[in-house]
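Colleague: Dropping a structure here in structure tokens format, bear with me for questions.
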Amino acid sequence: KIAMIGCGRISGVYKNAFKALKDEVELVFAVDKDIEKAKEFSEGFDSCKAVADYKEILGKGIDIVHITTPHHLHASMAIDFMKHNSHVLVEKPMATTVQDANAMIEISEKENVKLGVIFQTRYANGCQKLKEIIAGGKIGNILGARSYLSWHRPNSYYDGSDWKGRWDKEGGSTLINQAIHSLDRVLWLTGQDIEWIDGSIANRNTSIIETEDTAEALVGLKNGALYQLYACTAYPINAPIQIEIVGDKGRVGLVQDDAWVHIDGEERYEIDDQLDPLVNGPSYWGSAHQLQIKDFYKSVKEDSEVFLDGKEGKKALELVLGIYKSAKEGKRVYIPFN
């Protein structure tokens, strides 16, 4: 039995996934403070009840809860459900502070329930193949990496929202909402931990928000490699994300979800994404939500380890928050920090 908490912009992707996985799960609750959104989401699911307040369904025997609410609500909602013996799969970012992320991980372990964090782009075929290549040592020792995001978020994206573009609710903007997927993929692909972060942020074009529309950073990884990142949501279009990992024996990269490989002395080749087109949502969301959701269900049914658990989900969040901290203090910051 599953419940959907938050029936906003991203919820259509989940609805499609639940329908595709209807033989494995039963959606019993759709929750949104706007009850009409909850009712609309529940349509097509015979056993689903629309609810406005998530606290009404705590302790109702729900096996898995999906949380897709505004960022500042993720931690408190996840903790409430985990305390009532529900497993939780939460959208990124898992929280807006390191302290809240740590509290979520602690409760998951204490209550012996599973906590997963959505970073569906890891599941793309090209990304999975690159992980195999890098982990197999084919590009040698990691020397560096870069990620580049140029997307479009007009004022209309923020109009009417009571949480986007606000430090206290979204926790940031371009980095914590859009670029965090790129940061997660780089950290996962390189397999390296962060030592220090030196970054800056700015709001150069989106005047109606108090958060950033542009960010850049240089990140020192513990093996000595340097990761260079840039993210901006003041571009005319949502251009494909570009990621590159450099080793002492070759290079690999991603253009959105399509991968390329160039091992020294060998001809460069490409790996197509090979996933079905996204049924409902912008193409830059990727097509892998259903894969991660299904994988989480499997971990619950088999009581196996969650591939993208709270500790994994915390890594990219910590990098984002480290950039904000570095920008605010005007100096390099070191991991861990509070």
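For the structure tokens, the naming scheme is as follows: chains receive sequential letters (A, B, ...) according to their order of presentation, residues are indexed from 1 within each chain, and ligands are indexed from 1 in presentation order.
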Just asking: which residues within region 212-288 of chain A are strand (DSSP E or B) according to DSSP, as a PyMOL selection string?
Modeller: chain A and resi 214-221+226-232+234+242-247+250-255+258-263+269-271
Colleague: Could you name the residues that touch region 266-270 of chain A at 10 Å or less, counting only C-alpha atoms, but leaving out those on the same chain fewer than 2 positions away, as a ChimeraX atom specification?
Modeller: /A:126,250-254,258-264,272-273
Colleague: Skipping near chain neighbours, those fewer than 3 positions away, what residues fall within 7 Å of His87 (chain A) using only C-alpha atoms, listed as number ranges by chain?
Modeller: A: 63-65, 82, 113-115
Colleague: Give me the residues within 9 Å of Tyr14 (chain A) as a list in words, counting only C-alpha atoms and dropping any in the same chain fewer than 2 places off.
Modeller: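 Counting only C-alpha atoms, the residues come to Met4, Ile10, Ser11, Gly12, Asn16, Ala17, Phe18, Lys19, His66, His289, Gln290 and Ile293 of chain A.
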Colleague: Selected residues, all heavy atoms, written as a short mmCIF file (atom, residue, chain, number, x, y, z; two decimals), in the first residue's frame, please.
Modeller:
```
data_model
loop_
_atom_site.label_atom_id
_atom_site.label_comp_id
_atom_site.auth_asym_id
_atom_site.auth_seq_id
_atom_site.Cartn_x
_atom_site.Cartn_y
_atom_site.Cartn_z
N MET A 4 0.75 9.03 -1.86
CA MET A 4 1.40 10.13 -2.57
C MET A 4 1.16 11.41 -1.79
O MET A 4 0.01 11.83 -1.59
CB MET A 4 0.81 10.25 -3.98
CG MET A 4 1.42 11.37 -4.81
SD MET A 4 3.11 10.98 -5.30
CE MET A 4 3.46 12.41 -6.35
N ILE A 10 5.36 17.76 -10.48
CA ILE A 10 6.07 16.52 -10.79
C ILE A 10 5.16 15.30 -10.68
O ILE A 10 5.52 14.21 -11.14
CB ILE A 10 7.28 16.36 -9.83
CG1 ILE A 10 8.21 15.21 -10.26
CG2 ILE A 10 6.80 16.11 -8.39
CD1 ILE A 10 8.99 15.51 -11.50
N SER A 11 3.98 15.46 -10.12
CA SER A 11 3.17 14.29 -9.75
C SER A 11 2.72 13.45 -10.93
O SER A 11 2.48 12.25 -10.79
CB SER A 11 1.94 14.73 -8.94
OG SER A 11 1.06 15.52 -9.72
N GLY A 12 2.62 14.06 -12.12
CA GLY A 12 2.21 13.28 -13.29
C GLY A 12 3.15 12.14 -13.60
O GLY A 12 2.73 11.06 -14.04
N ASN A 16 1.99 8.09 -13.64
CA ASN A 16 2.28 7.14 -14.71
C ASN A 16 3.02 5.92 -14.18
O ASN A 16 2.75 4.79 -14.58
CB ASN A 16 3.12 7.82 -15.80
CG ASN A 16 2.33 8.83 -16.60
OD1 ASN A 16 1.12 8.72 -16.72
ND2 ASN A 16 3.00 9.84 -17.13
N ALA A 17 3.96 6.16 -13.27
CA ALA A 17 4.73 5.04 -12.69
C ALA A 17 3.82 4.12 -11.89
O ALA A 17 3.91 2.89 -11.99
CB ALA A 17 5.85 5.58 -11.83
N PHE A 18 2.92 4.71 -11.08
CA PHE A 18 2.03 3.88 -10.27
C PHE A 18 1.11 3.03 -11.16
O PHE A 18 0.83 1.87 -10.84
CB PHE A 18 1.17 4.76 -9.36
CG PHE A 18 1.95 5.58 -8.36
CD1 PHE A 18 1.37 6.70 -7.78
CD2 PHE A 18 3.25 5.26 -8.02
CE1 PHE A 18 2.08 7.46 -6.86
CE2 PHE A 18 3.97 6.00 -7.10
CZ PHE A 18 3.38 7.12 -6.52
N LYS A 19 0.65 3.62 -12.25
CA LYS A 19 -0.21 2.85 -13.17
C LYS A 19 0.57 1.71 -13.82
O LYS A 19 0.05 0.60 -13.98
CB LYS A 19 -0.79 3.78 -14.23
CG LYS A 19 -1.87 4.71 -13.69
CD LYS A 19 -2.45 5.59 -14.80
CE LYS A 19 -3.58 6.46 -14.27
NZ LYS A 19 -4.14 7.35 -15.33
N HIS A 66 5.46 8.30 -0.78
CA HIS A 66 6.20 9.14 -1.71
C HIS A 66 5.97 10.60 -1.33
O HIS A 66 4.83 11.04 -1.22
CB HIS A 66 5.71 8.92 -3.15
CG HIS A 66 5.99 7.56 -3.67
ND1 HIS A 66 7.14 7.23 -4.36
CD2 HIS A 66 5.27 6.41 -3.60
CE1 HIS A 66 7.12 5.96 -4.69
NE2 HIS A 66 5.99 5.43 -4.25
N HIS A 289 12.38 7.87 -13.59
CA HIS A 289 11.68 7.85 -12.31
C HIS A 289 11.11 6.46 -12.01
O HIS A 289 11.24 5.94 -10.90
CB HIS A 289 10.52 8.87 -12.32
CG HIS A 289 10.86 10.18 -11.69
ND1 HIS A 289 11.39 11.23 -12.41
CD2 HIS A 289 10.76 10.62 -10.41
CE1 HIS A 289 11.59 12.26 -11.61
NE2 HIS A 289 11.22 11.92 -10.39
N GLN A 290 10.47 5.89 -13.02
CA GLN A 290 9.84 4.58 -12.81
C GLN A 290 10.86 3.52 -12.42
O GLN A 290 10.59 2.66 -11.59
CB GLN A 290 9.08 4.16 -14.07
CG GLN A 290 8.32 2.86 -13.90
CD GLN A 290 7.49 2.52 -15.12
OE1 GLN A 290 6.85 3.39 -15.70
NE2 GLN A 290 7.49 1.26 -15.50
N ILE A 293 11.73 4.11 -8.73
CA ILE A 293 10.59 3.74 -7.89
C ILE A 293 10.47 2.22 -7.79
O ILE A 293 10.32 1.66 -6.70
CB ILE A 293 9.30 4.36 -8.44
CG1 ILE A 293 9.33 5.89 -8.26
CG2 ILE A 293 8.06 3.77 -7.77
CD1 ILE A 293 8.23 6.62 -9.00
#
```
Colleague: As a ChimeraX atom specification, please: all residues of region 223-327 of chain A that backbone DSSP puts in alpha helix (DSSP H).
Modeller: /A:289-302,310-327
Colleague: What's the 12 Å shell around Gly199 (chain A), counting only C-alpha atoms, without same-chain residues fewer than 2 positions away, as a PyMOL selection string?
Modeller: chain A and resi 175+196-197+201-202+214-220+227-231+319-334
Colleague: Taking only C-alpha atoms into account, name the residue in A:Ala179, A:His72, A:Gly144, A:Ile105 that is nearest to Trp163 (chain A).
Modeller: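 Using only C-alpha atoms, Trp163 (chain A) sits closest to A:His72.
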Colleague: So that I can see what lies close to Lys37 (chain A), please list as a count of residues only the residues with an atom at most 10 Å from it, counting only C-alpha atoms and leaving out residues fewer than 4 positions away in the same chain.
Modeller: 13
Colleague: Give me the residues near Pro70 (chain A) as number ranges by chain, where near means some atom within 12 Å (using only C-alpha atoms) and where sequence neighbours in that chain fewer than 5 positions away do not count.
Modeller: A: 5-10, 32-33, 75-77, 90-96, 161-173, 176-177
Colleague: Please produce a file of those selected residues containing N, CA, C and O atoms, as a compact mmCIF listing (two decimals), in the first residue's frame.
Modeller:
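So the final result, stored in selection.txt, reads:
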```txt
# COMPACT_ATOMS: atom_id res chain seq x y z
N ILE A 5 2.25 12.05 -1.33
CA ILE A 5 2.13 13.28 -0.56
C ILE A 5 2.67 14.43 -1.41
O ILE A 5 3.87 14.55 -1.62
N GLY A 6 1.77 15.27 -1.91
CA GLY A 6 2.14 16.35 -2.80
C GLY A 6 1.75 16.02 -4.23
O GLY A 6 2.35 15.13 -4.84
N CYS A 7 0.78 16.72 -4.77
CA CYS A 7 0.23 16.40 -6.09
C CYS A 7 0.43 17.57 -7.05
O CYS A 7 -0.47 17.95 -7.81
N GLY A 8 1.62 18.14 -7.05
CA GLY A 8 1.92 19.30 -7.88
C GLY A 8 2.54 18.94 -9.21
O GLY A 8 2.22 17.91 -9.81
N ARG A 9 3.49 19.77 -9.65
CA ARG A 9 4.02 19.73 -11.01
C ARG A 9 4.64 18.38 -11.38
O ARG A 9 4.45 17.88 -12.49
N ILE A 10 5.36 17.76 -10.48
CA ILE A 10 6.07 16.52 -10.79
C ILE A 10 5.16 15.30 -10.68
O ILE A 10 5.52 14.21 -11.14
N ASP A 32 -2.76 16.42 -0.67
CA ASP A 32 -2.31 17.76 -1.04
C ASP A 32 -3.14 18.78 -0.28
O ASP A 32 -4.35 18.56 -0.08
N LYS A 33 -2.50 19.85 0.15
CA LYS A 33 -3.26 20.88 0.89
C LYS A 33 -4.36 21.48 0.01
O LYS A 33 -5.37 21.97 0.51
N ALA A 75 11.76 16.96 5.24
CA ALA A 75 12.33 16.31 6.43
C ALA A 75 11.25 16.01 7.48
O ALA A 75 11.16 14.88 7.98
N SER A 76 10.45 17.00 7.82
CA SER A 76 9.45 16.80 8.88
C SER A 76 8.43 15.74 8.49
O SER A 76 8.05 14.89 9.31
N MET A 77 7.99 15.76 7.23
CA MET A 77 7.02 14.76 6.78
C MET A 77 7.64 13.37 6.77
O MET A 77 7.02 12.39 7.24
N VAL A 90 11.64 10.02 -0.97
CA VAL A 90 11.42 11.47 -1.01
C VAL A 90 12.12 12.08 -2.22
O VAL A 90 13.22 11.65 -2.60
N GLU A 91 11.48 13.07 -2.82
CA GLU A 91 12.11 13.78 -3.94
C GLU A 91 13.33 14.55 -3.44
O GLU A 91 13.45 14.91 -2.27
N LYS A 92 14.24 14.82 -4.36
CA LYS A 92 15.38 15.67 -4.05
C LYS A 92 14.92 17.12 -3.88
O LYS A 92 13.87 17.48 -4.43
N PRO A 93 15.61 17.91 -3.11
CA PRO A 93 16.61 17.52 -2.13
C PRO A 93 15.92 16.86 -0.94
O PRO A 93 14.78 17.20 -0.61
N MET A 94 16.59 15.94 -0.27
CA MET A 94 15.95 15.25 0.84
C MET A 94 15.59 16.20 1.97
O MET A 94 14.66 15.94 2.74
N ALA A 95 16.33 17.31 2.09
CA ALA A 95 16.09 18.31 3.13
C ALA A 95 16.71 19.61 2.66
O ALA A 95 17.29 19.69 1.56
N THR A 96 16.62 20.64 3.49
CA THR A 96 17.25 21.92 3.15
C THR A 96 18.41 22.25 4.09
O THR A 96 19.03 23.30 3.93
N SER A 161 3.72 30.80 -6.86
CA SER A 161 4.27 29.83 -5.91
C SER A 161 4.57 30.52 -4.59
O SER A 161 5.13 31.62 -4.56
N ASP A 162 4.22 29.86 -3.49
CA ASP A 162 4.50 30.44 -2.18
C ASP A 162 5.80 29.89 -1.57
O ASP A 162 6.10 30.15 -0.41
N TRP A 163 6.55 29.12 -2.39
CA TRP A 163 7.78 28.55 -1.83
C TRP A 163 8.99 28.65 -2.76
O TRP A 163 10.12 28.76 -2.29
N LYS A 164 8.79 28.65 -4.06
CA LYS A 164 9.92 28.71 -4.99
C LYS A 164 10.58 30.10 -4.95
O LYS A 164 9.89 31.11 -4.87
N GLY A 165 11.90 30.10 -4.99
CA GLY A 165 12.63 31.36 -4.96
C GLY A 165 12.79 31.96 -3.59
O GLY A 165 13.21 33.10 -3.46
N ARG A 166 12.48 31.15 -2.55
CA ARG A 166 12.60 31.64 -1.17
C ARG A 166 13.60 30.78 -0.40
O ARG A 166 13.54 29.54 -0.43
N TRP A 167 14.50 31.43 0.30
CA TRP A 167 15.52 30.71 1.05
C TRP A 167 14.89 29.83 2.13
O TRP A 167 15.36 28.71 2.38
N ASP A 168 13.84 30.29 2.78
CA ASP A 168 13.29 29.54 3.90
C ASP A 168 12.44 28.35 3.47
O ASP A 168 12.18 27.47 4.28
N LYS A 169 12.04 28.30 2.20
CA LYS A 169 11.18 27.20 1.76
C LYS A 169 11.79 26.35 0.64
O LYS A 169 11.76 25.12 0.72
N GLU A 170 12.33 26.99 -0.39
CA GLU A 170 13.00 26.20 -1.43
C GLU A 170 14.42 25.87 -1.01
O GLU A 170 14.97 24.85 -1.44
N GLY A 171 15.00 26.72 -0.18
CA GLY A 171 16.36 26.48 0.30
C GLY A 171 17.43 26.94 -0.65
O GLY A 171 18.62 26.68 -0.46
N GLY A 172 17.04 27.67 -1.69
CA GLY A 172 17.92 28.06 -2.78
C GLY A 172 17.09 27.97 -4.05
O GLY A 172 15.87 27.88 -4.01
N SER A 173 17.73 27.96 -5.20
CA SER A 173 16.97 27.75 -6.44
C SER A 173 17.76 26.92 -7.44
O SER A 173 17.68 25.70 -7.44
N ILE A 176 19.95 23.95 -5.76
CA ILE A 176 19.27 22.93 -4.97
C ILE A 176 18.09 22.31 -5.69
O ILE A 176 17.67 21.19 -5.36
N ASN A 177 17.58 22.99 -6.72
CA ASN A 177 16.41 22.47 -7.43
C ASN A 177 16.76 21.89 -8.80
O ASN A 177 16.33 20.80 -9.15
```
Colleague: Restricting the calculation to only C-alpha atoms: of A:Arg122, A:His152, A:Arg185, A:Lys311, which residue gets closest to Pro236 (chain A)?
Modeller: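 Selected residue with least distance to Pro236 (chain A): A:His152.
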Colleague: From the options A:Gln128, A:Asn203, A:Asn102, A:Gln242, which residue's atoms come nearest to Trp188 (chain A), counting only C-alpha atoms?
Modeller: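 For Trp188 (chain A), the nearest of the candidates is A:Gln128.
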Colleague: For the atom pair CA of Leu130 (chain A) and CA of Tyr148 (chain A), what is the interatomic distance in Å to one decimal place?
Modeller: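 Going from CA of Leu130 (chain A) over to CA of Tyr148 (chain A) covers 17.6 Å.
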